[in-house]
>>> print(open('model.pdb').read())   # PDB, C-alpha atoms
ATOM      1  CA  MET A   1      20.182-148.038-109.073  1.00  0.00           C
ATOM      2  CA  ARG A   2      18.191-149.279-106.062  1.00  0.00           C
ATOM      3  CA  ALA A   3      14.401-149.204-105.858  1.00  0.00           C
ATOM      4  CA  ASP A   4      14.539-146.035-103.751  1.00  0.00           C
ATOM      5  CA  GLY A   5      16.162-144.145-106.622  1.00  0.00           C
ATOM      6  CA  THR A   6      19.623-143.934-105.103  1.00  0.00           C
ATOM      7  CA  GLY A   7      22.869-145.162-106.607  1.00  0.00           C
ATOM      8  CA  ASP A   8      24.598-148.355-105.539  1.00  0.00           C
ATOM      9  CA  GLU A   9      28.202-147.275-105.859  1.00  0.00           C
ATOM     10  CA  PRO A  10      29.956-145.559-102.959  1.00  0.00           C
ATOM     11  CA  GLY A  11      31.109-142.051-103.741  1.00  0.00           C
ATOM     12  CA  ARG A  12      28.585-141.689-106.589  1.00  0.00           C
ATOM     13  CA  ASP A  13      25.785-140.151-104.545  1.00  0.00           C
ATOM     14  CA  GLU A  14      26.940-136.533-104.767  1.00  0.00           C
ATOM     15  CA  PRO A  15      27.306-134.360-107.851  1.00  0.00           C
ATOM     16  CA  ALA A  16      30.738-132.961-108.642  1.00  0.00           C
ATOM     17  CA  ARG A  17      31.213-129.574-107.007  1.00  0.00           C
ATOM     18  CA  ARG A  18      33.135-126.407-107.756  1.00  0.00           C
ATOM     19  CA  GLY A  19      35.401-124.857-105.151  1.00  0.00           C
ATOM     20  CA  ASP A  20      32.407-122.937-103.718  1.00  0.00           C
ATOM     21  CA  GLY A  21      30.477-126.174-103.099  1.00  0.00           C
ATOM     22  CA  ALA A  22      27.984-125.721-105.952  1.00  0.00           C
ATOM     23  CA  PRO A  23      27.467-128.437-108.560  1.00  0.00           C
ATOM     24  CA  ASP A  24      29.754-127.790-111.498  1.00  0.00           C
ATOM     25  CA  GLY A  25      27.642-129.625-114.111  1.00  0.00           C
ATOM     26  CA  ARG A  26      30.534-131.914-115.105  1.00  0.00           C
ATOM     27  CA  GLY A  27      31.518-135.412-114.171  1.00  0.00           C
ATOM     28  CA  PRO A  28      34.324-135.589-111.596  1.00  0.00           C
ATOM     29  CA  GLY A  29      37.676-134.970-113.203  1.00  0.00           C
ATOM     30  CA  THR A  30      36.369-135.565-116.705  1.00  0.00           C
ATOM     31  CA  GLY A  31      36.414-132.051-118.082  1.00  0.00           C
ATOM     32  CA  GLN A  32      33.261-133.004-119.980  1.00  0.00           C
ATOM     33  CA  ALA A  33      30.266-130.728-120.359  1.00  0.00           C
ATOM     34  CA  ALA A  34      27.007-131.579-118.615  1.00  0.00           C
ATOM     35  CA  GLY A  35      25.175-134.512-120.128  1.00  0.00           C
ATOM     36  CA  THR A  36      28.208-136.093-121.783  1.00  0.00           C
ATOM     37  CA  GLY A  37      30.187-139.154-120.846  1.00  0.00           C
ATOM     38  CA  GLY A  38      33.488-138.974-119.041  1.00  0.00           C
ATOM     39  CA  ALA A  39      36.997-139.327-120.408  1.00  0.00           C
ATOM     40  CA  ASP A  40      36.443-143.062-120.879  1.00  0.00           C
ATOM     41  CA  GLY A  41      33.188-142.364-122.730  1.00  0.00           C
ATOM     42  CA  GLY A  42      31.092-144.385-120.282  1.00  0.00           C
ATOM     43  CA  VAL A  43      31.029-142.475-116.974  1.00  0.00           C
ATOM     44  CA  PRO A  44      27.642-140.766-116.575  1.00  0.00           C
ATOM     45  CA  ASP A  45      27.441-137.145-115.511  1.00  0.00           C
ATOM     46  CA  GLN A  46      26.983-136.995-111.731  1.00  0.00           C
ATOM     47  CA  ALA A  47      24.764-133.901-111.873  1.00  0.00           C
ATOM     48  CA  TYR A  48      22.246-135.776-114.025  1.00  0.00           C
ATOM     49  CA  LEU A  49      22.425-138.848-111.807  1.00  0.00           C
ATOM     50  CA  ALA A  50      21.683-136.637-108.803  1.00  0.00           C
ATOM     51  CA  LEU A  51      18.779-135.042-110.672  1.00  0.00           C
ATOM     52  CA  GLU A  52      17.372-138.462-111.570  1.00  0.00           C
ATOM     53  CA  ARG A  53      17.661-139.646-107.974  1.00  0.00           C
ATOM     54  CA  GLU A  54      15.978-136.568-106.485  1.00  0.00           C
ATOM     55  CA  LEU A  55      13.185-136.586-109.075  1.00  0.00           C
ATOM     56  CA  ALA A  56      12.543-140.284-108.371  1.00  0.00           C
ATOM     57  CA  VAL A  57      12.112-139.557-104.661  1.00  0.00           C
ATOM     58  CA  PHE A  58      10.026-136.443-105.360  1.00  0.00           C
ATOM     59  CA  LEU A  59       7.702-138.255-107.788  1.00  0.00           C
ATOM     60  CA  ARG A  60       7.216-141.219-105.459  1.00  0.00           C
ATOM     61  CA  ARG A  61       6.272-138.879-102.617  1.00  0.00           C
ATOM     62  CA  ALA A  62       4.055-136.803-104.927  1.00  0.00           C
ATOM     63  CA  ARG A  63       2.150-139.942-105.990  1.00  0.00           C
ATOM     64  CA  ALA A  64       1.573-140.921-102.377  1.00  0.00           C
ATOM     65  CA  SER A  65       0.484-137.376-101.531  1.00  0.00           C
ATOM     66  CA  SER A  66      -1.902-137.267-104.517  1.00  0.00           C
ATOM     67  CA  GLY A  67      -3.488-140.482-103.309  1.00  0.00           C
ATOM     68  CA  GLU A  68      -4.054-139.026 -99.853  1.00  0.00           C
ATOM     69  CA  MET A  69      -5.471-135.784-101.254  1.00  0.00           C
ATOM     70  CA  ALA A  70      -7.721-137.640-103.687  1.00  0.00           C
ATOM     71  CA  ARG A  71      -9.206-139.675-100.830  1.00  0.00           C
ATOM     72  CA  GLU A  72      -9.738-136.463 -98.854  1.00  0.00           C
ATOM     73  CA  VAL A  73     -11.734-135.030-101.775  1.00  0.00           C
ATOM     74  CA  HIS A  74     -13.764-138.255-102.051  1.00  0.00           C
ATOM     75  CA  PRO A  75     -13.022-141.712-100.643  1.00  0.00           C
ATOM     76  CA  GLU A  76     -13.615-143.321-104.062  1.00  0.00           C
ATOM     77  CA  LEU A  77     -11.506-140.866-106.085  1.00  0.00           C
ATOM     78  CA  GLU A  78      -8.488-142.315-107.933  1.00  0.00           C
ATOM     79  CA  SER A  79      -5.222-140.557-107.173  1.00  0.00           C
ATOM     80  CA  SER A  80      -4.522-140.141-110.891  1.00  0.00           C
ATOM     81  CA  ALA A  81      -7.734-138.124-111.292  1.00  0.00           C
ATOM     82  CA  TYR A  82      -6.720-135.517-108.694  1.00  0.00           C
ATOM     83  CA  GLY A  83      -4.642-133.624-111.271  1.00  0.00           C
ATOM     84  CA  LEU A  84      -7.738-133.213-113.439  1.00  0.00           C
ATOM     85  CA  LEU A  85      -9.431-131.372-110.571  1.00  0.00           C
ATOM     86  CA  VAL A  86      -6.391-129.108-110.228  1.00  0.00           C
ATOM     87  CA  ARG A  87      -6.469-128.266-113.933  1.00  0.00           C
ATOM     88  CA  LEU A  88     -10.238-127.716-114.080  1.00  0.00           C
ATOM     89  CA  ASP A  89     -10.098-125.431-111.052  1.00  0.00           C
ATOM     90  CA  GLU A  90      -7.361-123.255-112.545  1.00  0.00           C
ATOM     91  CA  ALA A  91      -8.423-123.302-116.217  1.00  0.00           C
ATOM     92  CA  GLY A  92     -12.210-123.627-116.074  1.00  0.00           C
ATOM     93  CA  GLY A  93     -14.182-125.691-118.557  1.00  0.00           C
ATOM     94  CA  GLN A  94     -12.017-127.877-120.790  1.00  0.00           C
ATOM     95  CA  ARG A  95     -12.523-130.421-123.544  1.00  0.00           C
ATOM     96  CA  ALA A  96     -11.292-133.944-122.847  1.00  0.00           C
ATOM     97  CA  THR A  97      -8.810-133.587-125.719  1.00  0.00           C
ATOM     98  CA  GLU A  98      -7.377-130.425-124.132  1.00  0.00           C
ATOM     99  CA  LEU A  99      -6.923-132.210-120.813  1.00  0.00           C
ATOM    100  CA  ALA A 100      -5.297-135.202-122.504  1.00  0.00           C
ATOM    101  CA  GLY A 101      -2.879-132.904-124.344  1.00  0.00           C
ATOM    102  CA  TYR A 102      -2.070-130.916-121.205  1.00  0.00           C
ATOM    103  CA  PHE A 103      -1.138-134.058-119.255  1.00  0.00           C
ATOM    104  CA  GLY A 104       0.453-135.884-122.187  1.00  0.00           C
ATOM    105  CA  VAL A 105      -1.820-138.930-121.893  1.00  0.00           C
ATOM    106  CA  GLY A 106      -4.305-140.597-124.234  1.00  0.00           C
ATOM    107  CA  LYS A 107      -7.858-139.345-124.573  1.00  0.00           C
ATOM    108  CA  ALA A 108      -9.184-142.782-123.536  1.00  0.00           C
ATOM    109  CA  THR A 109      -7.364-142.498-120.180  1.00  0.00           C
ATOM    110  CA  VAL A 110      -8.746-139.019-119.534  1.00  0.00           C
ATOM    111  CA  SER A 111     -12.254-140.023-120.639  1.00  0.00           C
ATOM    112  CA  ARG A 112     -12.280-142.919-118.164  1.00  0.00           C
ATOM    113  CA  GLN A 113     -11.163-140.649-115.328  1.00  0.00           C
ATOM    114  CA  LEU A 114     -13.708-137.991-116.287  1.00  0.00           C
ATOM    115  CA  ARG A 115     -16.518-140.571-116.222  1.00  0.00           C
ATOM    116  CA  ALA A 116     -15.466-141.559-112.710  1.00  0.00           C
ATOM    117  CA  LEU A 117     -15.397-137.909-111.599  1.00  0.00           C
ATOM    118  CA  GLU A 118     -18.827-137.352-113.137  1.00  0.00           C
ATOM    119  CA  ASP A 119     -20.232-140.444-111.382  1.00  0.00           C
ATOM    120  CA  LEU A 120     -18.978-138.991-108.081  1.00  0.00           C
ATOM    121  CA  GLY A 121     -20.714-135.676-108.780  1.00  0.00           C
ATOM    122  CA  LEU A 122     -17.432-133.729-108.883  1.00  0.00           C
ATOM    123  CA  ILE A 123     -17.640-132.624-112.532  1.00  0.00           C
ATOM    124  CA  ALA A 124     -20.390-131.981-115.075  1.00  0.00           C
ATOM    125  CA  ARG A 125     -20.458-131.830-118.874  1.00  0.00           C
ATOM    126  CA  GLU A 126     -21.953-128.963-120.848  1.00  0.00           C
ATOM    127  CA  PRO A 127     -22.062-128.098-124.550  1.00  0.00           C
ATOM    128  CA  ASP A 128     -19.089-126.096-125.791  1.00  0.00           C
ATOM    129  CA  PRO A 129     -20.474-122.685-126.818  1.00  0.00           C
ATOM    130  CA  ALA A 130     -17.751-122.450-129.485  1.00  0.00           C
ATOM    131  CA  ASP A 131     -18.726-125.808-131.040  1.00  0.00           C
ATOM    132  CA  GLY A 132     -22.120-127.373-130.348  1.00  0.00           C
ATOM    133  CA  ARG A 133     -20.777-130.814-131.302  1.00  0.00           C
ATOM    134  CA  ALA A 134     -18.195-130.763-128.491  1.00  0.00           C
ATOM    135  CA  TRP A 135     -18.500-130.915-124.712  1.00  0.00           C
ATOM    136  CA  LEU A 136     -16.711-129.072-121.939  1.00  0.00           C
ATOM    137  CA  VAL A 137     -16.175-130.541-118.496  1.00  0.00           C
ATOM    138  CA  ARG A 138     -16.201-128.291-115.460  1.00  0.00           C
ATOM    139  CA  LEU A 139     -16.183-128.668-111.702  1.00  0.00           C
ATOM    140  CA  THR A 140     -19.563-128.823-110.009  1.00  0.00           C
ATOM    141  CA  ASP A 141     -20.108-126.590-106.980  1.00  0.00           C
ATOM    142  CA  GLU A 142     -19.612-129.625-104.752  1.00  0.00           C
ATOM    143  CA  GLY A 143     -16.488-130.655-106.652  1.00  0.00           C
ATOM    144  CA  ARG A 144     -15.005-127.167-106.376  1.00  0.00           C
ATOM    145  CA  ASP A 145     -15.793-126.931-102.643  1.00  0.00           C
ATOM    146  CA  ARG A 146     -14.314-130.343-101.877  1.00  0.00           C
ATOM    147  CA  PHE A 147     -11.232-129.755-104.021  1.00  0.00           C
ATOM    148  CA  ARG A 148     -10.478-126.280-102.643  1.00  0.00           C
ATOM    149  CA  ARG A 149     -10.790-127.454 -99.052  1.00  0.00           C
ATOM    150  CA  VAL A 150      -8.143-130.115 -99.694  1.00  0.00           C
ATOM    151  CA  ARG A 151      -5.986-127.758-101.808  1.00  0.00           C
ATOM    152  CA  ASP A 152      -5.969-125.103 -99.079  1.00  0.00           C
ATOM    153  CA  ALA A 153      -4.944-127.678 -96.467  1.00  0.00           C
ATOM    154  CA  ARG A 154      -2.148-128.887 -98.782  1.00  0.00           C
ATOM    155  CA  ARG A 155      -0.863-125.345 -99.299  1.00  0.00           C
ATOM    156  CA  ALA A 156      -0.821-124.820 -95.554  1.00  0.00           C
ATOM    157  CA  ARG A 157       1.362-127.958 -95.275  1.00  0.00           C
ATOM    158  CA  TYR A 158       3.733-126.536 -97.911  1.00  0.00           C
ATOM    159  CA  VAL A 159       3.977-123.282 -95.960  1.00  0.00           C
ATOM    160  CA  ARG A 160       4.864-125.199 -92.789  1.00  0.00           C
ATOM    161  CA  LYS A 161       7.319-127.512 -94.534  1.00  0.00           C
ATOM    162  CA  LEU A 162       9.114-124.639 -96.298  1.00  0.00           C
ATOM    163  CA  SER A 163       8.978-122.216 -93.377  1.00  0.00           C
ATOM    164  CA  GLY A 164      12.788-122.163 -93.221  1.00  0.00           C
ATOM    165  CA  TRP A 165      13.084-121.187 -96.881  1.00  0.00           C
ATOM    166  CA  ASP A 166      13.384-117.644 -98.135  1.00  0.00           C
ATOM    167  CA  ARG A 167      10.391-116.632-100.303  1.00  0.00           C
ATOM    168  CA  ALA A 168      12.810-116.017-103.176  1.00  0.00           C
ATOM    169  CA  GLU A 169      13.935-119.662-102.925  1.00  0.00           C
ATOM    170  CA  VAL A 170      10.318-120.853-103.035  1.00  0.00           C
ATOM    171  CA  ALA A 171       9.690-118.665-106.088  1.00  0.00           C
ATOM    172  CA  GLU A 172      12.862-119.964-107.751  1.00  0.00           C
ATOM    173  CA  LEU A 173      11.839-123.591-107.110  1.00  0.00           C
ATOM    174  CA  ALA A 174       8.423-122.887-108.659  1.00  0.00           C
ATOM    175  CA  ARG A 175      10.091-121.200-111.644  1.00  0.00           C
ATOM    176  CA  LEU A 176      12.470-124.101-112.240  1.00  0.00           C
ATOM    177  CA  LEU A 177       9.711-126.704-111.937  1.00  0.00           C
ATOM    178  CA  HIS A 178       7.602-124.692-114.388  1.00  0.00           C
ATOM    179  CA  GLN A 179      10.570-124.548-116.758  1.00  0.00           C
ATOM    180  CA  LEU A 180      10.981-128.318-116.474  1.00  0.00           C
ATOM    181  CA  ASN A 181       7.258-128.948-117.034  1.00  0.00           C
ATOM    182  CA  THR A 182       6.966-126.643-120.042  1.00  0.00           C
ATOM    183  CA  GLY A 183      10.319-127.596-121.561  1.00  0.00           C
ATOM    184  CA  SER A 184       8.878-130.803-122.989  1.00  0.00           C
ATOM    185  CA  ASP A 185       6.107-131.312-125.512  1.00  0.00           C
ATOM    186  CA  GLY A 186       5.239-134.702-124.056  1.00  0.00           C
ATOM    187  CA  ARG A 187       7.986-136.565-125.926  1.00  0.00           C
ATOM    188  CA  ASP A 188      11.370-137.720-124.778  1.00  0.00           C
ATOM    189  CA  GLN A 189      14.553-136.815-126.619  1.00  0.00           C
ATOM    190  CA  GLY A 190      14.235-139.796-128.916  1.00  0.00           C
ATOM    191  CA  GLY A 191      10.806-138.649-130.075  1.00  0.00           C
ATOM    192  CA  ALA A 192       8.834-141.382-128.303  1.00  0.00           C
ATOM    193  CA  PRO A 193       5.677-140.337-126.452  1.00  0.00           C
ATOM    194  CA  ARG A 194       6.081-140.004-122.708  1.00  0.00           C
ATOM    195  CA  PRO A 195       4.549-142.917-120.708  1.00  0.00           C
TER     196      PRO A 195
END
>>> encode(input="model.pdb", output="structure tokens")
Amino acid sequence: MRADGTGDEPGRDEPARRGDGAPDGRGPGTGQAAGTGGADGGVPDQAYLALERELAVFLRRARASSGEMAREVHPELESSAYGLLVRLDEAGGQRATELAGYFGVGKATVSRQLRALEDLGLIAREPDPADGRAWLVRLTDEGRDRFRRVRDARRARYVRKLSGWDRAEVAELARLLHQLNTGSDGRDQGGAPRP
């Protein structure tokens, strides 16, 4: 696979298709179910290769976009911290452990990012009313205003980019991405924690 996430072999860039042009979920001519090897036991399923390729492109673009949006919120904001603002805006006050669990990363990573956000005046800590020994982090008024201005501009870009899509297709894409995001508990199939 090349650095851009595409395959190297000619004729291996497209998933196998049924007669109606839709992916059939099987390797070409193998008769194997999705996710299994081909007749020779070593040919990967083309539908999964296509998924891997498209996710690689999507994630690379999403990282670049997050970096741009983070800098629009604050010039010194790390791109990796932008997702924390998204979560705090939608969920309200959260403990650092809750944020770490939500994103599937270590508490130390989240704590470092939260300190940076606090130093920039975008979040504040307050005692957890349910447990006086714990702290909640929440967006400050300035943090919320800055974040929402950038978020609204991003949504307007999505509307423009997907203007040719039917609303049902947009809803279906959101549903499938949600299914993908919630279908994992932060571990891969082998039980190892996600990086």
>>> atom_distance(input="model.pdb", atom1="CA of Arg160 in chain A", atom2="CA of Leu173 in chain A")
16.0 Å
>>> atom_distance(input="model.pdb", atom1="CA of Gly83 in chain A", atom2="CA of Leu99 in chain A")
9.9 Å
>>> resolve_selection(input="model.pdb", expression="the PyMOL selection byres ((chain A and resi 108-113) around 12)", output="PyMOL selection string")
chain A and resi 76-85+94-107+114-120+122-123+125+135-137+195
>>> resolve_selection(input="model.pdb", expression="the PyMOL selection byres ((chain A and resi 145-158) around 9)", output="list in words")
Met69, Ala70, Glu72, Val73, His74, Tyr82, Leu85, Val86, Asp89, Leu122, Thr140, Asp141, Glu142, Gly143, Arg144, Val159, Arg160, Lys161, Leu162 and Ser163 of chain A
>>> atom_distance(input="model.pdb", atom1="CA of Gly92 in chain A", atom2="CA of Glu126 in chain A")
12.1 Å
>>> build_atoms(input="model.pdb", residues="range 109-120 of chain A", atoms="all heavy atoms", output="mmCIF file, in the coordinates of the input")
data_model
loop_
_atom_site.group_PDB
_atom_site.id
_atom_site.type_symbol
_atom_site.label_atom_id
_atom_site.label_comp_id
_atom_site.auth_asym_id
_atom_site.auth_seq_id
_atom_site.Cartn_x
_atom_site.Cartn_y
_atom_site.Cartn_z
ATOM 1 N N THR A 109 -7.697 -142.540 -121.613
ATOM 2 C CA THR A 109 -7.364 -142.498 -120.180
ATOM 3 C C THR A 109 -8.109 -141.363 -119.495
ATOM 4 O O THR A 109 -8.725 -141.542 -118.440
ATOM 5 C CB THR A 109 -5.843 -142.324 -119.988
ATOM 6 O OG1 THR A 109 -5.177 -143.440 -120.567
ATOM 7 C CG2 THR A 109 -5.481 -142.212 -118.517
ATOM 8 N N VAL A 110 -8.065 -140.179 -120.115
ATOM 9 C CA VAL A 110 -8.746 -139.019 -119.534
ATOM 10 C C VAL A 110 -10.255 -139.247 -119.509
ATOM 11 O O VAL A 110 -10.920 -138.925 -118.516
ATOM 12 C CB VAL A 110 -8.383 -137.733 -120.312
ATOM 13 C CG1 VAL A 110 -9.303 -136.585 -119.941
ATOM 14 C CG2 VAL A 110 -6.936 -137.354 -120.050
ATOM 15 N N SER A 111 -10.802 -139.793 -120.580
ATOM 16 C CA SER A 111 -12.254 -140.023 -120.639
ATOM 17 C C SER A 111 -12.709 -140.951 -119.519
ATOM 18 O O SER A 111 -13.750 -140.718 -118.888
ATOM 19 C CB SER A 111 -12.643 -140.607 -122.000
ATOM 20 O OG SER A 111 -12.402 -139.668 -123.024
ATOM 21 N N ARG A 112 -11.924 -142.000 -119.251
ATOM 22 C CA ARG A 112 -12.280 -142.919 -118.164
ATOM 23 C C ARG A 112 -12.266 -142.214 -116.824
ATOM 24 O O ARG A 112 -13.165 -142.380 -115.995
ATOM 25 C CB ARG A 112 -11.300 -144.102 -118.156
ATOM 26 C CG ARG A 112 -11.574 -145.129 -117.059
ATOM 27 C CD ARG A 112 -10.524 -146.230 -117.044
ATOM 28 N NE ARG A 112 -9.177 -145.732 -116.862
ATOM 29 C CZ ARG A 112 -8.666 -145.350 -115.692
ATOM 30 N NH1 ARG A 112 -9.407 -145.378 -114.594
ATOM 31 N NH2 ARG A 112 -7.423 -144.937 -115.616
ATOM 32 N N GLN A 113 -11.253 -141.381 -116.594
ATOM 33 C CA GLN A 113 -11.163 -140.649 -115.328
ATOM 34 C C GLN A 113 -12.278 -139.617 -115.205
ATOM 35 O O GLN A 113 -12.833 -139.418 -114.115
ATOM 36 C CB GLN A 113 -9.788 -139.993 -115.210
ATOM 37 C CG GLN A 113 -8.662 -141.001 -115.070
ATOM 38 C CD GLN A 113 -7.290 -140.367 -115.127
ATOM 39 O OE1 GLN A 113 -7.129 -139.230 -115.558
ATOM 40 N NE2 GLN A 113 -6.277 -141.114 -114.722
ATOM 41 N N LEU A 114 -12.617 -138.977 -116.316
ATOM 42 C CA LEU A 114 -13.708 -137.991 -116.287
ATOM 43 C C LEU A 114 -15.047 -138.660 -115.979
ATOM 44 O O LEU A 114 -15.863 -138.103 -115.240
ATOM 45 C CB LEU A 114 -13.773 -137.238 -117.611
ATOM 46 C CG LEU A 114 -12.617 -136.270 -117.891
ATOM 47 C CD1 LEU A 114 -12.739 -135.684 -119.297
ATOM 48 C CD2 LEU A 114 -12.550 -135.155 -116.851
ATOM 49 N N ARG A 115 -15.271 -139.852 -116.533
ATOM 50 C CA ARG A 115 -16.518 -140.571 -116.222
ATOM 51 C C ARG A 115 -16.608 -140.864 -114.736
ATOM 52 O O ARG A 115 -17.671 -140.727 -114.122
ATOM 53 C CB ARG A 115 -16.596 -141.885 -117.019
ATOM 54 C CG ARG A 115 -17.105 -141.716 -118.430
ATOM 55 C CD ARG A 115 -17.477 -143.053 -119.064
ATOM 56 N NE ARG A 115 -16.365 -143.986 -119.116
ATOM 57 C CZ ARG A 115 -15.444 -144.011 -120.076
ATOM 58 N NH1 ARG A 115 -15.501 -143.132 -121.061
ATOM 59 N NH2 ARG A 115 -14.470 -144.903 -120.038
ATOM 60 N N ALA A 116 -15.477 -141.272 -114.147
ATOM 61 C CA ALA A 116 -15.466 -141.559 -112.710
ATOM 62 C C ALA A 116 -15.752 -140.294 -111.903
ATOM 63 O O ALA A 116 -16.526 -140.325 -110.937
ATOM 64 C CB ALA A 116 -14.121 -142.161 -112.303
ATOM 65 N N LEU A 117 -15.155 -139.180 -112.293
ATOM 66 C CA LEU A 117 -15.397 -137.909 -111.599
ATOM 67 C C LEU A 117 -16.853 -137.480 -111.728
ATOM 68 O O LEU A 117 -17.455 -136.956 -110.784
ATOM 69 C CB LEU A 117 -14.476 -136.818 -112.155
ATOM 70 C CG LEU A 117 -12.999 -136.934 -111.815
ATOM 71 C CD1 LEU A 117 -12.177 -135.934 -112.629
ATOM 72 C CD2 LEU A 117 -12.763 -136.714 -110.324
ATOM 73 N N GLU A 118 -17.422 -137.707 -112.911
ATOM 74 C CA GLU A 118 -18.827 -137.352 -113.137
ATOM 75 C C GLU A 118 -19.737 -138.230 -112.281
ATOM 76 O O GLU A 118 -20.699 -137.741 -111.679
ATOM 77 C CB GLU A 118 -19.156 -137.506 -114.616
ATOM 78 C CG GLU A 118 -20.486 -136.912 -115.011
ATOM 79 C CD GLU A 118 -20.699 -136.908 -116.513
ATOM 80 O OE1 GLU A 118 -19.979 -137.630 -117.245
ATOM 81 O OE2 GLU A 118 -21.610 -136.179 -116.958
ATOM 82 N N ASP A 119 -19.434 -139.522 -112.206
ATOM 83 C CA ASP A 119 -20.232 -140.444 -111.382
ATOM 84 C C ASP A 119 -20.208 -140.043 -109.912
ATOM 85 O O ASP A 119 -21.180 -140.274 -109.182
ATOM 86 C CB ASP A 119 -19.727 -141.884 -111.531
ATOM 87 C CG ASP A 119 -20.011 -142.473 -112.907
ATOM 88 O OD1 ASP A 119 -20.847 -141.901 -113.653
ATOM 89 O OD2 ASP A 119 -19.381 -143.497 -113.245
ATOM 90 N N LEU A 120 -19.102 -139.433 -109.470
ATOM 91 C CA LEU A 120 -18.978 -138.991 -108.081
ATOM 92 C C LEU A 120 -19.592 -137.612 -107.851
ATOM 93 O O LEU A 120 -19.604 -137.124 -106.720
ATOM 94 C CB LEU A 120 -17.497 -138.966 -107.667
ATOM 95 C CG LEU A 120 -16.780 -140.319 -107.634
ATOM 96 C CD1 LEU A 120 -15.296 -140.135 -107.359
ATOM 97 C CD2 LEU A 120 -17.417 -141.240 -106.598
#
